[in-house]
$ cat input-v1.cif   # mmCIF, C-alpha atoms
data_run
loop_
_atom_site.label_atom_id
_atom_site.label_comp_id
_atom_site.auth_asym_id
_atom_site.auth_seq_id
_atom_site.Cartn_x
_atom_site.Cartn_y
_atom_site.Cartn_z
CA MET A 1309 24.80 2.29 8.60
CA THR A 1310 22.38 -0.27 10.04
CA THR A 1311 18.71 -0.31 9.07
CA SER A 1312 17.55 0.60 12.58
CA LYS A 1313 19.92 3.57 12.75
CA PHE A 1314 18.82 4.72 9.28
CA LEU A 1315 15.14 4.54 10.25
CA SER A 1316 15.76 6.34 13.54
CA GLU A 1317 17.36 9.27 11.71
CA LEU A 1318 14.43 9.79 9.33
CA THR A 1319 12.46 13.00 9.76
CA SER A 1320 8.68 13.02 10.04
CA GLU A 1321 8.48 14.26 6.44
CA GLN A 1322 10.62 11.37 5.20
CA TRP A 1323 8.55 8.90 7.21
CA ALA A 1324 5.39 10.33 5.63
CA ALA A 1325 6.90 10.00 2.14
CA LEU A 1326 7.91 6.37 2.76
CA CYS A 1327 4.45 5.54 4.10
CA LEU A 1328 2.78 7.13 1.08
CA VAL A 1329 4.98 5.16 -1.31
CA ALA A 1330 4.34 1.91 0.60
CA VAL A 1331 0.58 2.43 0.48
CA ALA A 1332 0.72 3.36 -3.20
CA VAL A 1333 2.66 0.19 -4.05
CA LEU A 1334 0.01 -1.95 -2.36
CA VAL A 1335 -3.07 -0.26 -3.86
CA PRO A 1336 -3.22 -2.30 -7.13
CA VAL A 1337 -2.54 -5.54 -5.26
CA VAL A 1338 -5.40 -4.97 -2.82
CA ALA A 1339 -7.73 -3.44 -5.42
CA ASN A 1340 -7.33 -6.30 -7.89
CA ALA A 1341 -7.59 -8.92 -5.15
CA THR A 1342 -10.89 -7.44 -3.92
CA ASP A 1343 -12.24 -6.74 -7.42
CA ASN A 1344 -12.11 -2.97 -6.91
CA SER A 1345 -10.03 -2.03 -9.94
CA PHE A 1346 -11.65 1.43 -9.95
CA TYR A 1347 -9.21 2.50 -7.24
CA VAL A 1348 -6.23 1.75 -9.49
CA GLY A 1349 -7.36 4.43 -11.94
CA PHE A 1350 -8.41 6.77 -9.14
CA VAL A 1351 -5.06 6.71 -7.35
CA SER A 1352 -3.33 7.09 -10.72
CA ARG A 1353 -5.23 10.35 -11.20
CA VAL A 1354 -4.29 11.43 -7.67
CA MET A 1355 -0.60 10.92 -8.42
CA ILE A 1356 -0.86 12.75 -11.75
CA VAL A 1357 -2.51 15.74 -10.06
CA ALA A 1358 0.15 15.50 -7.33
CA ILE A 1359 2.87 15.94 -9.99
CA ALA A 1360 1.07 19.00 -11.40
CA ALA A 1361 0.52 20.54 -7.94
CA SER A 1362 4.13 19.84 -6.94
CA SER A 1363 5.37 21.62 -10.07
CA LEU A 1364 3.20 24.59 -9.13
CA ASN A 1365 4.67 24.42 -5.64
CA LEU A 1366 8.06 25.27 -7.12
CA LEU A 1367 6.59 28.61 -8.19
CA VAL A 1368 4.14 29.40 -5.39
CA GLY A 1369 5.75 27.77 -2.37
CA TYR A 1370 9.41 28.45 -3.07
CA GLY A 1371 9.42 31.35 -5.51
CA ALA A 1372 6.45 33.44 -4.27
CA MET A 1373 5.11 33.47 -7.85
CA VAL A 1374 1.37 32.78 -7.79
CA SER A 1375 0.55 31.52 -11.28
CA PHE A 1376 -3.02 31.35 -12.59
CA GLY A 1377 -1.94 29.94 -15.93
CA HIS A 1378 -0.37 26.66 -14.88
CA ALA A 1379 -3.07 24.67 -16.63
CA ALA A 1380 -1.69 25.94 -19.95
CA TYR A 1381 1.43 23.79 -19.51
CA PHE A 1382 -0.63 20.88 -18.17
CA GLY A 1383 -2.84 21.04 -21.26
CA MET A 1384 0.09 21.61 -23.59
CA GLY A 1385 1.58 18.31 -22.43
CA ALA A 1386 -1.71 16.56 -23.16
CA TYR A 1387 -2.07 18.13 -26.62
CA ALA A 1388 1.56 17.32 -27.44
CA VAL A 1389 0.82 13.63 -26.83
CA LEU A 1390 -2.27 13.91 -29.04
CA MET A 1391 -0.29 15.62 -31.81
CA VAL A 1392 2.42 12.97 -31.73
CA ALA A 1393 -0.22 10.21 -31.77
CA GLN A 1394 -1.90 11.78 -34.82
CA ALA A 1395 1.40 12.39 -36.63
CA ALA A 1396 2.99 8.98 -35.89
CA GLY A 1397 2.84 7.11 -39.18
CA PRO A 1398 1.86 9.81 -41.70
CA LEU A 1399 4.49 12.38 -40.66
CA LEU A 1400 6.61 10.81 -37.93
CA PRO A 1401 8.07 7.30 -37.54
CA GLU A 1402 6.00 4.90 -35.46
CA TRP A 1403 8.59 4.84 -32.68
CA ALA A 1404 7.86 8.52 -32.04
CA ARG A 1405 4.63 7.43 -30.35
CA THR A 1406 6.48 5.42 -27.68
CA LEU A 1407 6.52 6.88 -24.17
CA TRP A 1408 10.30 7.32 -24.43
CA VAL A 1409 9.75 9.94 -27.16
CA ALA A 1410 6.19 11.25 -26.76
CA TRP A 1411 6.41 12.12 -23.07
CA PRO A 1412 9.76 13.97 -23.29
CA LEU A 1413 8.33 15.85 -26.28
CA ALA A 1414 5.34 16.80 -24.13
CA MET A 1415 7.70 18.14 -21.45
CA LEU A 1416 9.68 20.00 -24.11
CA ALA A 1417 6.55 21.59 -25.60
CA ALA A 1418 5.30 22.67 -22.17
CA GLY A 1419 8.77 23.93 -21.25
CA VAL A 1420 9.02 26.02 -24.43
CA LEU A 1421 5.59 27.50 -23.76
CA ALA A 1422 6.63 28.27 -20.18
CA LEU A 1423 9.80 29.92 -21.51
CA LEU A 1424 7.80 32.20 -23.80
CA VAL A 1425 5.36 33.13 -21.03
CA GLY A 1426 8.13 33.46 -18.47
CA LEU A 1427 10.16 35.89 -20.55
CA VAL A 1428 7.33 38.37 -19.99
CA SER A 1429 5.80 37.34 -16.66
CA VAL A 1430 8.87 36.96 -14.42
CA ARG A 1431 9.66 40.65 -14.89
CA VAL A 1432 6.61 41.66 -12.86
CA GLU A 1433 5.41 40.71 -9.39
CA GLN A 1434 2.35 40.11 -7.23
CA VAL A 1435 -1.03 40.84 -8.85
CA TYR A 1436 0.56 41.78 -12.18
CA PHE A 1437 2.24 38.38 -12.36
CA ILE A 1438 -1.11 36.72 -11.63
CA MET A 1439 -2.86 38.71 -14.36
CA ILE A 1440 -0.19 38.06 -16.99
CA THR A 1441 -0.11 34.30 -16.35
CA LEU A 1442 -3.92 34.22 -16.38
CA GLY A 1443 -3.99 36.14 -19.65
CA PHE A 1444 -1.49 33.85 -21.38
CA GLY A 1445 -3.33 30.81 -20.03
CA GLN A 1446 -6.62 32.00 -21.51
CA MET A 1447 -4.93 32.73 -24.84
CA VAL A 1448 -3.72 29.14 -25.07
CA TYR A 1449 -7.15 27.87 -23.97
CA TYR A 1450 -9.01 29.75 -26.72
CA LEU A 1451 -6.37 28.70 -29.24
CA ALA A 1452 -7.11 25.07 -28.37
CA ILE A 1453 -10.85 25.68 -28.79
CA GLY A 1454 -10.19 26.99 -32.29
CA LEU A 1455 -8.22 23.91 -33.38
CA GLU A 1456 -10.88 21.96 -35.29
CA VAL A 1457 -8.31 19.39 -36.35
CA PHE A 1458 -8.13 18.34 -32.69
CA GLY A 1459 -11.86 18.38 -32.05
CA SER A 1460 -12.27 22.06 -31.14
CA ASP A 1461 -14.09 22.47 -27.80
CA ASN A 1462 -15.23 18.82 -27.85
CA GLY A 1463 -11.70 17.50 -27.66
CA MET A 1464 -10.48 14.26 -29.19
CA PRO A 1465 -9.90 10.73 -27.89
CA LEU A 1466 -6.59 8.90 -28.05
CA THR A 1467 -6.98 5.66 -29.96
CA SER A 1468 -4.50 3.91 -27.67
CA ARG A 1469 -1.96 4.55 -24.96
CA ALA A 1470 1.69 5.07 -25.77
CA PRO A 1471 3.56 1.83 -26.55
CA THR A 1472 6.52 1.09 -24.31
CA GLY A 1473 8.71 -0.72 -26.82
CA ILE A 1474 9.29 -3.40 -24.17
CA ALA A 1475 7.99 -6.89 -24.86
CA GLY A 1476 5.34 -7.98 -22.37
CA PHE A 1477 4.94 -4.51 -20.88
CA SER A 1478 1.99 -2.47 -22.13
CA LEU A 1479 0.30 0.64 -20.78
CA ALA A 1480 -3.01 -0.76 -22.01
CA SER A 1481 -3.08 -2.37 -18.58
CA ASP A 1482 -4.25 0.13 -15.95
CA THR A 1483 -2.06 -1.56 -13.37
CA GLN A 1484 1.12 -1.24 -15.42
CA LEU A 1485 0.32 2.41 -16.22
CA TYR A 1486 -0.27 2.91 -12.49
CA TYR A 1487 3.23 1.76 -11.56
CA VAL A 1488 4.78 3.92 -14.30
CA VAL A 1489 2.93 6.94 -12.90
CA LEU A 1490 4.06 5.99 -9.38
CA VAL A 1491 7.72 5.82 -10.45
CA LEU A 1492 7.47 9.18 -12.22
CA CYS A 1493 5.73 10.76 -9.21
CA VAL A 1494 8.57 9.59 -6.94
CA LEU A 1495 11.22 10.79 -9.41
CA VAL A 1496 9.59 14.23 -9.74
CA HIS A 1497 9.41 14.52 -5.95
CA LEU A 1498 13.07 13.55 -5.57
CA GLY A 1499 14.06 15.89 -8.38
CA LEU A 1500 12.28 18.82 -6.76
CA ARG A 1501 13.81 17.94 -3.40
CA VAL A 1502 17.32 17.98 -4.88
CA LEU A 1503 16.58 21.19 -6.77
CA VAL A 1504 15.17 23.05 -3.76
CA HIS A 1505 18.14 22.13 -1.55
CA SER A 1506 20.79 22.74 -4.22
CA ARG A 1507 22.76 25.95 -4.64
CA PHE A 1508 20.29 27.00 -7.31
CA GLY A 1509 17.38 26.33 -4.95
CA LEU A 1510 18.93 28.29 -2.09
CA ILE A 1511 19.49 31.33 -4.32
CA TYR A 1512 16.02 30.97 -5.85
CA ARG A 1513 14.40 30.90 -2.38
CA GLY A 1514 16.55 33.86 -1.39
CA VAL A 1515 15.16 35.80 -4.35
CA ALA A 1516 11.63 35.08 -3.11
CA VAL A 1517 12.48 36.39 0.36
CA ASN A 1518 14.43 39.51 -0.64
CA GLU A 1519 14.87 40.10 -4.36
CA GLU A 1520 16.60 43.48 -3.96
CA ARG A 1521 19.28 42.10 -1.66
CA MET A 1522 19.99 39.10 -3.91
CA GLN A 1523 20.24 41.43 -6.89
CA ALA A 1524 22.59 43.73 -4.99
CA ILE A 1525 24.84 40.75 -4.19
CA GLY A 1526 25.13 40.11 -7.92
CA PHE A 1527 22.77 37.24 -8.65
CA PRO A 1528 20.76 37.44 -11.92
CA VAL A 1529 17.38 37.12 -10.21
CA LEU A 1530 15.30 37.16 -13.41
CA ARG A 1531 17.33 34.29 -14.82
CA TYR A 1532 16.79 32.17 -11.70
CA ARG A 1533 13.07 32.88 -11.73
CA LEU A 1534 12.84 32.07 -15.43
CA VAL A 1535 14.68 28.75 -15.08
CA ALA A 1536 12.38 27.72 -12.21
CA PHE A 1537 9.37 28.80 -14.27
CA VAL A 1538 10.45 26.61 -17.20
CA ILE A 1539 11.17 23.60 -14.96
CA ALA A 1540 7.74 23.92 -13.35
CA GLY A 1541 6.12 24.15 -16.78
CA ALA A 1542 7.96 21.06 -18.03
CA PHE A 1543 6.85 18.97 -15.03
CA ALA A 1544 3.28 20.22 -15.51
CA GLY A 1545 3.53 19.11 -19.14
CA LEU A 1546 4.56 15.64 -17.99
CA SER A 1547 1.49 15.43 -15.73
CA GLY A 1548 -0.71 16.56 -18.63
CA ALA A 1549 0.74 13.85 -20.86
CA LEU A 1550 0.08 11.25 -18.16
CA MET A 1551 -3.50 12.47 -17.72
CA ALA A 1552 -4.07 12.20 -21.47
CA GLU A 1553 -2.78 8.63 -21.41
CA GLN A 1554 -4.85 7.81 -18.32
CA ASN A 1555 -8.13 9.13 -19.75
CA ARG A 1556 -7.31 8.43 -23.41
CA TYR A 1557 -8.88 11.79 -24.10
CA VAL A 1558 -7.72 15.37 -24.56
CA ALA A 1559 -9.95 18.44 -24.39
CA PRO A 1560 -9.54 22.24 -24.00
CA HIS A 1561 -10.93 22.20 -20.45
CA MET A 1562 -7.51 20.89 -19.41
CA LEU A 1563 -6.10 24.36 -20.21
CA GLU A 1564 -8.88 26.44 -18.67
CA TRP A 1565 -8.21 28.91 -15.85
CA MET A 1566 -10.51 26.90 -13.56
CA MET A 1567 -8.03 24.03 -13.85
CA SER A 1568 -5.26 26.42 -12.81
CA GLY A 1569 -7.37 27.51 -9.85
CA GLU A 1570 -8.05 23.92 -8.87
CA LEU A 1571 -4.32 23.14 -8.91
CA LEU A 1572 -3.65 26.21 -6.77
CA VAL A 1573 -6.35 25.23 -4.26
CA THR A 1574 -4.95 21.69 -4.19
CA LEU A 1575 -1.51 23.03 -3.35
CA LEU A 1576 -2.79 25.44 -0.68
CA LEU A 1577 -4.81 22.63 0.85
CA GLY A 1578 -1.73 20.43 1.10
CA GLY A 1579 0.70 23.18 2.07
CA ALA A 1580 2.68 25.49 -0.21
CA GLY A 1581 6.41 25.54 0.47
CA HIS A 1582 6.37 21.96 1.72
CA LEU A 1583 7.78 19.26 -0.56
CA LEU A 1584 4.87 16.93 0.16
CA GLY A 1585 2.29 19.72 -0.03
CA GLY A 1586 1.21 18.90 -3.59
CA ILE A 1587 0.84 15.22 -2.74
CA TYR A 1588 -1.12 15.87 0.46
CA GLY A 1589 -3.39 18.27 -1.38
CA ALA A 1590 -4.06 15.88 -4.28
CA VAL A 1591 -4.95 13.04 -1.91
CA VAL A 1592 -7.37 15.17 0.11
CA MET A 1593 -8.80 17.18 -2.81
CA LEU A 1594 -9.59 14.24 -5.07
CA GLY A 1595 -10.53 12.00 -2.15
CA LEU A 1596 -13.10 14.48 -0.84
CA LYS A 1597 -14.33 15.18 -4.36
CA GLU A 1598 -14.92 11.48 -4.98
CA LEU A 1599 -16.53 10.98 -1.58
CA LEU A 1600 -18.72 14.07 -1.40
CA SER A 1601 -19.80 14.31 -5.05
CA ALA A 1602 -21.84 11.15 -4.52
CA TYR A 1603 -23.99 13.01 -1.96
CA THR A 1604 -23.99 16.65 -3.07
CA ALA A 1605 -23.12 18.84 -6.03
CA TYR A 1606 -21.79 21.49 -3.63
CA TRP A 1607 -18.69 19.59 -2.55
CA HIS A 1608 -16.61 22.69 -3.39
CA ALA A 1609 -18.17 24.41 -0.39
CA VAL A 1610 -16.82 21.72 1.93
CA ILE A 1611 -13.36 22.18 0.44
CA GLY A 1612 -13.68 25.93 1.04
CA VAL A 1613 -14.59 25.44 4.69
CA LEU A 1614 -11.68 23.03 5.11
CA ILE A 1615 -9.23 25.52 3.60
CA ILE A 1616 -10.47 28.29 5.91
CA ALA A 1617 -10.08 25.98 8.91
CA LEU A 1618 -6.56 25.02 7.85
CA VAL A 1619 -5.62 28.69 7.41
CA TYR A 1620 -6.73 29.45 10.95
CA PHE A 1621 -5.49 26.33 12.70
CA GLY A 1622 -2.90 24.75 10.42
CA ASN A 1623 -1.12 27.91 9.28
CA ASN A 1624 0.07 26.18 6.08
CA GLY A 1625 -2.38 23.51 4.99
CA ILE A 1626 -2.07 19.88 5.98
CA ALA A 1627 1.71 20.18 5.99
CA GLY A 1628 1.33 22.95 8.57
CA LEU A 1629 -0.56 20.59 10.84
CA GLU A 1630 2.26 18.06 10.48
CA ARG A 1631 4.86 20.67 11.40
CA GLN A 1632 2.80 21.80 14.39
CA TRP A 1633 2.53 18.19 15.56
CA THR A 1634 6.31 17.70 15.18
CA ARG A 1635 6.98 20.94 17.07
CA TRP A 1636 4.56 19.98 19.88
CA ARG A 1637 6.11 16.50 20.19
CA THR A 1638 9.64 17.95 20.31
CA GLU A 1639 8.68 20.49 22.97
CA ARG A 1640 6.91 17.80 24.98
CA GLU A 1641 9.97 15.53 24.91
CA TRP A 1642 12.17 18.48 25.94
CA ARG A 1643 9.90 19.31 28.89
CA LEU A 1644 9.84 15.68 30.01
CA SER A 1645 13.63 15.42 29.87
CA ARG A 1646 13.99 18.70 31.78
CA ASN A 1647 11.57 17.48 34.47
CA LEU A 1648 13.54 14.25 34.80
CA ARG A 1649 16.78 16.20 35.20
CA ASP A 1650 15.20 18.43 37.83
CA GLN A 1651 13.88 15.41 39.73
CA SER A 1652 17.27 13.69 39.62
CA LYS A 1653 18.98 16.84 40.97
CA THR A 1654 16.38 17.13 43.73
CA GLY A 1655 16.87 13.47 44.70
CA ALA A 1656 20.66 13.83 44.72
CA GLY A 1657 20.47 16.95 46.89
CA SER A 1658 18.28 15.30 49.51
#
$ encode --input "input-v1.cif" --output "structure tokens"
Amino acid sequence: MTTSKFLSELTSEQWAALCLVAVAVLVPVVANATDNSFYVGFVSRVMIVAIAASSLNLLVGYGAMVSFGHAAYFGMGAYAVLMVAQAAGPLLPEWARTLWVAWPLAMLAAGVLALLVGLVSVRVEQVYFIMITLGFGQMVYYLAIGLEVFGSDNGMPLTSRAPTGIAGFSLASDTQLYYVVLVLCVLVHLGLRVLVHSRFGLIYRGVAVNEERMQAIGFPVLRYRLVAFVIAGAFAGLSGALMAEQNRYVAPHMLEWMMSGELLVTLLLGGAGHLLGGIYGAVVMLGLKELLSAYTAYWHAVIGVLIIALVYFGNNGIAGLERQWTRWRTEREWRLSRNLRDQSKTGAGS
């Protein structure tokens, strides 16, 4: 397949994803060249939040499970990195602190927590699911506050970022950490794309649409919901680990219900049920926060007005606007082609 044919067959969503990746690759180059290194760290945070919001999208957008405890897995990933950093040397070998071990352990810890919560929460629906996830999230939050060994409610700094074990490549450099986060963000997006369109994903989405019918067919609906819940928790744990490395600091506020609410608003702003929804939402949410917080402390109100406007006009966040634009363009092209056919028939008849 030629390059031109490949590009011509890309959907608008795939074009948007390629453009986002291209811009992200160039950000450190431009930022360092113009002495604006702040934007390297800022876009890193955007991508980390995008991973967390995308993991929540697996539950909210594709499974119709609105979770208000997602920050628990985000924070668990961060605390797992802190625990490994504290234990490396006295209790664990030094290589346990490398990103190849610490970050998978963070995903494992968050996944196990999600499994424990999911065993209870996936059995209920709607507002009861929201309340159970919120309750478990607050339990983990207050547990973290009570851990004086990790700084209690003040949190604790990380003395250094995770070593890579690769000569000449260190995450102490914000730019090198940035590209690692970018690669992981792309991999998470691709992984979720494959998952959603796989046989598992089709059945899982079918459960969200009509659980009784899928159960009558013979599918173990609770098992599918639980597996998706654990996967979402593990990816949230990865984003928490990355945020801990980015900020070199871990605190209980990362597990608070307000963090869960912020992730949910981010997803709704971008578009739940759209693979790029979490990324769109993170870009707009953090971008507006950074822009408006310099002028007013009430930047949340602007976000609220924007969400209301998108609900009325976009139907499904920013992704809804993209779909409406694609639909309008397709209908316009169809009308133009029909008019041309009508004109050609009229000319041939005369």
$ resolve_selection --input "input-v1.cif" --expression "the PyMOL selection byres ((chain A and resi 1560-1566) around 9)" --output "ChimeraX atom specification"
/A:1376-1384,1386-1387,1442,1445-1446,1448-1453,1460-1463,1548,1558-1559,1567-1571
$ atom_distance --input "input-v1.cif" --atom1 "atom CA of Leu1596 of chain A" --atom2 "atom CA of Ile1616 of chain A"
15.6 Å
$ residues_around --input "input-v1.cif" --residues "Leu1498 of chain A" --least-positions-apart "3" --cutoff "12 Å" --atoms "only C-alpha atoms" --output "list in words"
Gln1322, Ala1325, Ile1359, Ser1362, Val1491, Leu1492, Cys1493, Val1494, Leu1495, Arg1501, Val1502, Leu1503, Val1504, His1505, Leu1583 and Leu1584 of chain A
$ resolve_selection --input "input-v1.cif" --expression "the PyMOL selection byres ((chain A and resi 1487-1489) around 12)" --output "PyMOL selection string"
chain A and resi 1329+1332-1337+1348-1359+1407+1411+1470+1472+1477-1486+1490-1496+1546-1551+1553-1554
$ write_last_selection --input "input-v1.cif" --atoms "C-alpha atoms" --output "mmCIF file, keeping the file's coordinate frame"
data_model
loop_
_atom_site.group_PDB
_atom_site.id
_atom_site.type_symbol
_atom_site.label_atom_id
_atom_site.label_comp_id
_atom_site.auth_asym_id
_atom_site.auth_seq_id
_atom_site.Cartn_x
_atom_site.Cartn_y
_atom_site.Cartn_z
ATOM 1 C CA VAL A 1329 4.980 5.160 -1.310
ATOM 2 C CA ALA A 1332 0.720 3.360 -3.200
ATOM 3 C CA VAL A 1333 2.660 0.190 -4.050
ATOM 4 C CA LEU A 1334 0.010 -1.950 -2.360
ATOM 5 C CA VAL A 1335 -3.070 -0.260 -3.860
ATOM 6 C CA PRO A 1336 -3.220 -2.300 -7.130
ATOM 7 C CA VAL A 1337 -2.540 -5.540 -5.260
ATOM 8 C CA VAL A 1348 -6.230 1.750 -9.490
ATOM 9 C CA GLY A 1349 -7.360 4.430 -11.940
ATOM 10 C CA PHE A 1350 -8.410 6.770 -9.140
ATOM 11 C CA VAL A 1351 -5.060 6.710 -7.350
ATOM 12 C CA SER A 1352 -3.330 7.090 -10.720
ATOM 13 C CA ARG A 1353 -5.230 10.350 -11.200
ATOM 14 C CA VAL A 1354 -4.290 11.430 -7.670
ATOM 15 C CA MET A 1355 -0.600 10.920 -8.420
ATOM 16 C CA ILE A 1356 -0.860 12.750 -11.750
ATOM 17 C CA VAL A 1357 -2.510 15.740 -10.060
ATOM 18 C CA ALA A 1358 0.150 15.500 -7.330
ATOM 19 C CA ILE A 1359 2.870 15.940 -9.990
ATOM 20 C CA LEU A 1407 6.520 6.880 -24.170
ATOM 21 C CA TRP A 1411 6.410 12.120 -23.070
ATOM 22 C CA ALA A 1470 1.690 5.070 -25.770
ATOM 23 C CA THR A 1472 6.520 1.090 -24.310
ATOM 24 C CA PHE A 1477 4.940 -4.510 -20.880
ATOM 25 C CA SER A 1478 1.990 -2.470 -22.130
ATOM 26 C CA LEU A 1479 0.300 0.640 -20.780
ATOM 27 C CA ALA A 1480 -3.010 -0.760 -22.010
ATOM 28 C CA SER A 1481 -3.080 -2.370 -18.580
ATOM 29 C CA ASP A 1482 -4.250 0.130 -15.950
ATOM 30 C CA THR A 1483 -2.060 -1.560 -13.370
ATOM 31 C CA GLN A 1484 1.120 -1.240 -15.420
ATOM 32 C CA LEU A 1485 0.320 2.410 -16.220
ATOM 33 C CA TYR A 1486 -0.270 2.910 -12.490
ATOM 34 C CA LEU A 1490 4.060 5.990 -9.380
ATOM 35 C CA VAL A 1491 7.720 5.820 -10.450
ATOM 36 C CA LEU A 1492 7.470 9.180 -12.220
ATOM 37 C CA CYS A 1493 5.730 10.760 -9.210
ATOM 38 C CA VAL A 1494 8.570 9.590 -6.940
ATOM 39 C CA LEU A 1495 11.220 10.790 -9.410
ATOM 40 C CA VAL A 1496 9.590 14.230 -9.740
ATOM 41 C CA LEU A 1546 4.560 15.640 -17.990
ATOM 42 C CA SER A 1547 1.490 15.430 -15.730
ATOM 43 C CA GLY A 1548 -0.710 16.560 -18.630
ATOM 44 C CA ALA A 1549 0.740 13.850 -20.860
ATOM 45 C CA LEU A 1550 0.080 11.250 -18.160
ATOM 46 C CA MET A 1551 -3.500 12.470 -17.720
ATOM 47 C CA GLU A 1553 -2.780 8.630 -21.410
ATOM 48 C CA GLN A 1554 -4.850 7.810 -18.320
#
$ residues_around --input "input-v1.cif" --residues "Ala1395 of chain A" --least-positions-apart "6" --cutoff "10 Å" --atoms "all atoms listed in the file" --output "PyMOL selection string"
chain A and resi 1389+1401-1402+1404-1405
